[in-house]
Each structure stands twice: as C-alpha cells, then as structure tokens.
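One structure is given here, and the rest of the page talks about it.
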There are 2 protein chains.
Amino acid sequence: MGTTKSEVFTEEENRISDLAKAFAHPARVAILRLLAEKKACVCGDLVDELPLSQATVSQHLKELKRIGIIKGDIAPPRVCYCIDEVVWNEAMQSFGLLFSSYLKNGCC
Amino acid sequence: MGTTKSEVFTEEENRISDLAKAFAHPARVAILRLLAEKKACVCGDLVDELPLSQATVSQHLKELKRIGIIKGDIAPPRVCYCIDEVVWNEAMQSFGLLFSSYLKNGCC
DNA sequence: CTAATTCATCGCAATATTACGATAAATATT
DNA sequence: AATATTTATCGTAATATTGCGATGAATTAG
C-alpha cells in the first residue's frame, strides 16, 4: 500500500486529482504564481526566489512538467519555464465546474 | 526530510496547498462531488459508493474535515457529512484568483 | 581546450500517504 | 441486558513525497 488505487476511479477523477497535485505543495503554488504573474517567464531565477535548494526546486518543476501545467524551453545552459496555457485552462475549467456543482441544500 | 518546509512559505501558499490537497486524491474528488451534487448529504452511503474499505473512506473524510472543507453532523450511530459552504467558497475564490492571475505574455 | 554556468539526476534519509483488517465506541433495537 | 448498526481509530505494511548534497551533462565564455 501507500499507492493510490487509480484503476478503480474514473479518468476524470484521476485527472482532477493530478491537476490538484500541482497546487498541493506550497513551493509549487509559489512557482506557479511566479510563472503566472511574471511578465517574462523566469528560469533558474526560480531557485533564487524560493527558499529551497536547486535540486528540490528542480524536482518540483519536474512534477509540474509531468502534470503538464508548465513546460520548459531549453536554451542551454538555461531552461525557460512557463505556464502551459492549454493545461492551465483545463485546470481552471475543471475546478470551475467542480466548484459550481455545489448546490446548497441546507441539509447539515 | 519527507516533511514539507511549511515555515518558509507564506500563510497563503500553505493554505492554498492545503485546500488543493482536498482534491489531490481521486477518492476525495469523488467524495466532494457526491456531497456537492447530492440533494441530501450522504452519510455512510459514501462507503457504498466508493470502491474502498470503510476504514479508508473514513480516513479520507478525516483529512477533508481537517482541511475544513466538509463537516460532519453526528447523529449516532450515523454521521451526516456535507460541504462546509464557507470553506468551499474560500477554495473557489482562492483558486479563482490564482487561475485568473495568469497573464498571457507569450514568452515560451 | 579549459573553466564556468545552469540544470537534471542520483542516492540517501526521513516523513507522509494510502490502504485495510481488526477492534473499539456509541447508540438503537429487540 | 444482549445484539446489531454505524463510524472512528489502531496497528501494520507498502509506496510516495520531500529535501538536499554530490555528481553529471550540456553549452558558453575565456
């Protein structure tokens, strides 16, 4: 155990939970915010902005890339990271739908 | 290690990541959906609806309660769970702000 | 060609998460 | 009082996550 039983859930449930993971760590929230707000997309500057080691930041970036919400433009020796607009919008819409599916019914 | 360095992040970053954790597991997404969409709030019926053991469902409910996004009305031997409207709205607003903070700038 | 720079990855350690059977707690039913 | 119902919690096991130092890979600068 320790493993999520992904097989028994729907594609959508798994996708939403994966998208949520992008925001489920303060460092990743900070990274996504920096990338979302910056006029230009920051690169290794992220390491300077964050109170974590370069290795750790790199690992978070890898996770965000796995989810697809950011992408990296390789321009060696640098890599320029930025939000993937398509996935960002997918996340926005998915969460939007989920949040608006709540109908008050005053049961509790 | 294995522990998130919460101290070095802002309150808001920590709060958002915590709220995101509510959605960061397919079972919790399923639970929140059921509670959000149901006319009446489901109780132990959640266990029947989910492909997980009672103990596991109870653990996910505990985590959702810790975050605050659901609350349970004890009516022994049953407990009636439902969305906490205040926290649900807090999450909706926080994610809404975050998502809308993205300004396309066509860097990558 | 030799640094220097930037970033990814490896290896390790420690904690967190996920899952479940078994059991306990609390009440309603008989 | 004894039993059944419902939910929480404990204990255990396995995997995942977080974090970092060290190292490697790739390119640029000197």
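In the structure tokens, each chain is lettered A, B, ... as it comes, each chain's residues begin at 1, and ligands are numbered from 1 in order of appearance.
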Using only C-alpha atoms (C1' of nucleotides), find each residue in chain C having at least one atom no more than 7 Å away from chain B; report its shortest atom-to-atom pair and that distance in Å (one decimal), rows by chain then rising number, as a Markdown table.
```
| residue | atom | partner | partner_atom | distance |
| --- | --- | --- | --- | --- |
| C:DA13 | C1' | B:Met1 | CA | 6.8 |
| C:DA14 | C1' | B:Met1 | CA | 4.4 |
| C:DT15 | C1' | B:Gly2 | CA | 4.1 |
| C:DA16 | C1' | B:Gly2 | CA | 6.6 |
| C:DA19 | C1' | B:Thr56 | CA | 6.1 |
| C:DC20 | C1' | B:Ser53 | CA | 6.8 |
| C:DA26 | C1' | B:Pro77 | CA | 6.4 |
| C:DT27 | C1' | B:Pro77 | CA | 5.4 |
```
Could you please tell me, as a list in words, which residues of chain D have an atom within 10 Å of chain A when using only C-alpha atoms (C1' of nucleotides)? DA13, DA14, DT15, DA16, DT18, DG19, DC20, DG21, DA25, DA26, DT27 and DT28 of chain D
Those residues you just picked out, can you put them in a file as a PDB file, in the first residue's frame with N, CA and C atoms (P, O5', C5', C4', C3', O3' and C1' of nucleotides)?
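Written out: part-v5.pdb:
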```pdb
ATOM      1  P    DA D  13       3.908  -5.428   9.855  1.00  0.00           P
ATOM      2  O5'  DA D  13       3.724  -5.044   8.331  1.00  0.00           O
ATOM      3  C5'  DA D  13       2.613  -5.581   7.611  1.00  0.00           C
ATOM      4  C4'  DA D  13       2.539  -4.893   6.263  1.00  0.00           C
ATOM      5  C3'  DA D  13       3.903  -4.668   5.626  1.00  0.00           C
ATOM      6  O3'  DA D  13       3.885  -5.177   4.306  1.00  0.00           O
ATOM      7  C1'  DA D  13       2.642  -2.654   5.656  1.00  0.00           C
ATOM      8  P    DA D  14       5.233  -5.220   3.443  1.00  0.00           P
ATOM      9  O5'  DA D  14       4.941  -4.154   2.301  1.00  0.00           O
ATOM     10  C5'  DA D  14       3.699  -4.199   1.621  1.00  0.00           C
ATOM     11  C4'  DA D  14       3.525  -2.886   0.877  1.00  0.00           C
ATOM     12  C3'  DA D  14       4.771  -2.451   0.113  1.00  0.00           C
ATOM     13  O3'  DA D  14       4.432  -2.213  -1.238  1.00  0.00           O
ATOM     14  C1'  DA D  14       3.951  -0.688   1.457  1.00  0.00           C
ATOM     15  P    DT D  15       5.560  -1.949  -2.315  1.00  0.00           P
ATOM     16  O5'  DT D  15       5.260  -0.446  -2.772  1.00  0.00           O
ATOM     17  C5'  DT D  15       3.912  -0.059  -3.007  1.00  0.00           C
ATOM     18  C4'  DT D  15       3.781   1.431  -2.889  1.00  0.00           C
ATOM     19  C3'  DT D  15       4.779   2.228  -3.740  1.00  0.00           C
ATOM     20  O3'  DT D  15       4.001   3.068  -4.591  1.00  0.00           O
ATOM     21  C1'  DT D  15       4.671   3.099  -1.536  1.00  0.00           C
ATOM     22  P    DA D  16       4.744   4.161  -5.522  1.00  0.00           P
ATOM     23  O5'  DA D  16       4.619   5.485  -4.639  1.00  0.00           O
ATOM     24  C5'  DA D  16       3.353   5.821  -4.065  1.00  0.00           C
ATOM     25  C4'  DA D  16       3.373   7.253  -3.573  1.00  0.00           C
ATOM     26  C3'  DA D  16       4.146   8.234  -4.451  1.00  0.00           C
ATOM     27  O3'  DA D  16       3.391   9.440  -4.473  1.00  0.00           O
ATOM     28  C1'  DA D  16       5.111   8.187  -2.281  1.00  0.00           C
ATOM     29  P    DT D  18       5.408  16.493  -2.304  1.00  0.00           P
ATOM     30  O5'  DT D  18       6.709  16.761  -1.438  1.00  0.00           O
ATOM     31  C5'  DT D  18       6.622  16.703  -0.032  1.00  0.00           C
ATOM     32  C4'  DT D  18       7.986  16.864   0.591  1.00  0.00           C
ATOM     33  C3'  DT D  18       8.874  17.971  -0.004  1.00  0.00           C
ATOM     34  O3'  DT D  18       9.162  18.903   1.032  1.00  0.00           O
ATOM     35  C1'  DT D  18      10.087  15.941   0.321  1.00  0.00           C
ATOM     36  P    DG D  19       9.916  20.291   0.652  1.00  0.00           P
ATOM     37  O5'  DG D  19      11.445  19.901   0.808  1.00  0.00           O
ATOM     38  C5'  DG D  19      11.920  19.513   2.093  1.00  0.00           C
ATOM     39  C4'  DG D  19      13.354  19.070   1.971  1.00  0.00           C
ATOM     40  C3'  DG D  19      14.212  19.973   1.089  1.00  0.00           C
ATOM     41  O3'  DG D  19      15.125  20.690   1.905  1.00  0.00           O
ATOM     42  C1'  DG D  19      14.639  17.643   0.713  1.00  0.00           C
ATOM     43  P    DC D  20      16.125  21.775   1.310  1.00  0.00           P
ATOM     44  O5'  DC D  20      17.434  20.908   1.086  1.00  0.00           O
ATOM     45  C5'  DC D  20      18.006  20.237   2.194  1.00  0.00           C
ATOM     46  C4'  DC D  20      19.139  19.365   1.714  1.00  0.00           C
ATOM     47  C3'  DC D  20      20.115  20.093   0.778  1.00  0.00           C
ATOM     48  O3'  DC D  20      21.433  19.867   1.234  1.00  0.00           O
ATOM     49  C1'  DC D  20      19.462  18.029  -0.149  1.00  0.00           C
ATOM     50  P    DG D  21      22.505  20.992   0.978  1.00  0.00           P
ATOM     51  O5'  DG D  21      23.793  20.068   0.755  1.00  0.00           O
ATOM     52  C5'  DG D  21      24.039  19.002   1.663  1.00  0.00           C
ATOM     53  C4'  DG D  21      24.766  17.873   0.938  1.00  0.00           C
ATOM     54  C3'  DG D  21      25.943  18.337   0.082  1.00  0.00           C
ATOM     55  O3'  DG D  21      27.024  17.416   0.253  1.00  0.00           O
ATOM     56  C1'  DG D  21      24.407  17.141  -1.265  1.00  0.00           C
ATOM     57  P    DA D  25      27.417  12.041 -17.732  1.00  0.00           P
ATOM     58  O5'  DA D  25      26.566  13.096 -18.556  1.00  0.00           O
ATOM     59  C5'  DA D  25      25.155  13.207 -18.312  1.00  0.00           C
ATOM     60  C4'  DA D  25      24.636  14.472 -18.977  1.00  0.00           C
ATOM     61  C3'  DA D  25      25.330  14.792 -20.303  1.00  0.00           C
ATOM     62  O3'  DA D  25      24.338  15.230 -21.221  1.00  0.00           O
ATOM     63  C1'  DA D  25      25.542  16.622 -18.833  1.00  0.00           C
ATOM     64  P    DA D  26      24.702  15.312 -22.778  1.00  0.00           P
ATOM     65  O5'  DA D  26      24.491  16.858 -23.087  1.00  0.00           O
ATOM     66  C5'  DA D  26      23.405  17.562 -22.482  1.00  0.00           C
ATOM     67  C4'  DA D  26      23.670  19.042 -22.610  1.00  0.00           C
ATOM     68  C3'  DA D  26      24.478  19.399 -23.857  1.00  0.00           C
ATOM     69  O3'  DA D  26      23.827  20.453 -24.552  1.00  0.00           O
ATOM     70  C1'  DA D  26      25.445  20.368 -21.940  1.00  0.00           C
ATOM     71  P    DT D  27      24.226  20.781 -26.079  1.00  0.00           P
ATOM     72  O5'  DT D  27      24.772  22.266 -25.912  1.00  0.00           O
ATOM     73  C5'  DT D  27      23.916  23.232 -25.277  1.00  0.00           C
ATOM     74  C4'  DT D  27      24.754  24.308 -24.632  1.00  0.00           C
ATOM     75  C3'  DT D  27      25.645  25.107 -25.591  1.00  0.00           C
ATOM     76  O3'  DT D  27      25.170  26.432 -25.671  1.00  0.00           O
ATOM     77  C1'  DT D  27      26.723  24.628 -23.531  1.00  0.00           C
ATOM     78  P    DT D  28      25.785  27.469 -26.762  1.00  0.00           P
ATOM     79  O5'  DT D  28      26.364  28.608 -25.822  1.00  0.00           O
ATOM     80  C5'  DT D  28      25.850  28.768 -24.506  1.00  0.00           C
ATOM     81  C4'  DT D  28      26.788  29.652 -23.691  1.00  0.00           C
ATOM     82  C3'  DT D  28      27.628  30.648 -24.507  1.00  0.00           C
ATOM     83  O3'  DT D  28      27.654  31.889 -23.805  1.00  0.00           O
ATOM     84  C1'  DT D  28      29.069  29.236 -23.259  1.00  0.00           C
TER      85       DT D  28
END
```
Would you list which chain A residues are within 7 Å of chain B using only C-alpha atoms, as a PyMOL selection string? chain A and resi 8-9+13-14+17-18+20-21+23-26+29-30+36-37+39-41+51+73+82+92+99+101-103+105+107-108
Selected residues written out with C-alpha atoms, as a JSON list (two decimals), in the first residue's frame:
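The result, stored in out-v5.json:
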```
[["chain", "number", "residue", "atom", "x", "y", "z"],
["A", 8, "VAL", "CA", -10.92, 1.98, -9.58],
["A", 9, "PHE", "CA", -11.59, 5.66, -10.20],
["A", 13, "GLU", "CA", -11.36, 11.85, -11.07],
["A", 14, "ASN", "CA", -7.77, 10.84, -11.63],
["A", 17, "SER", "CA", -6.63, 14.90, -8.57],
["A", 18, "ASP", "CA", -3.48, 15.08, -10.66],
["A", 20, "ALA", "CA", -4.78, 19.41, -7.88],
["A", 21, "LYS", "CA", -1.40, 17.95, -7.03],
["A", 23, "PHE", "CA", -1.15, 23.08, -6.25],
["A", 24, "ALA", "CA", -0.82, 20.70, -3.33],
["A", 25, "HIS", "CA", 2.59, 21.91, -2.17],
["A", 26, "PRO", "CA", 3.40, 25.49, -1.15],
["A", 29, "VAL", "CA", 1.98, 27.21, -5.57],
["A", 30, "ALA", "CA", 4.81, 29.72, -5.33],
["A", 36, "ALA", "CA", 1.63, 33.20, -13.89],
["A", 37, "GLU", "CA", 2.35, 36.74, -12.78],
["A", 39, "LYS", "CA", 5.74, 39.37, -17.44],
["A", 40, "ALA", "CA", 8.58, 37.25, -18.68],
["A", 41, "CYS", "CA", 8.93, 33.67, -17.67],
["A", 51, "PRO", "CA", 13.79, 29.03, -0.02],
["A", 73, "ASP", "CA", 12.05, 25.84, -23.28],
["A", 82, "CYS", "CA", 6.35, 28.88, -18.28],
["A", 92, "MET", "CA", -9.35, 26.36, -14.48],
["A", 99, "PHE", "CA", -16.87, 24.30, -7.57],
["A", 101, "SER", "CA", -21.56, 21.89, -8.99],
["A", 102, "TYR", "CA", -22.22, 22.64, -5.35],
["A", 103, "LEU", "CA", -25.84, 23.26, -4.74],
["A", 105, "ASN", "CA", -29.41, 22.29, 0.13],
["A", 107, "CYS", "CA", -29.01, 19.51, 4.98],
["A", 108, "CYS", "CA", -26.42, 19.94, 7.73]]
```
Figure out the distance between atom C1' of D:DT23 and atom C1' of C:DC1, please, to one decimal in Å.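 Interatomic distance here is 22.2 Å.
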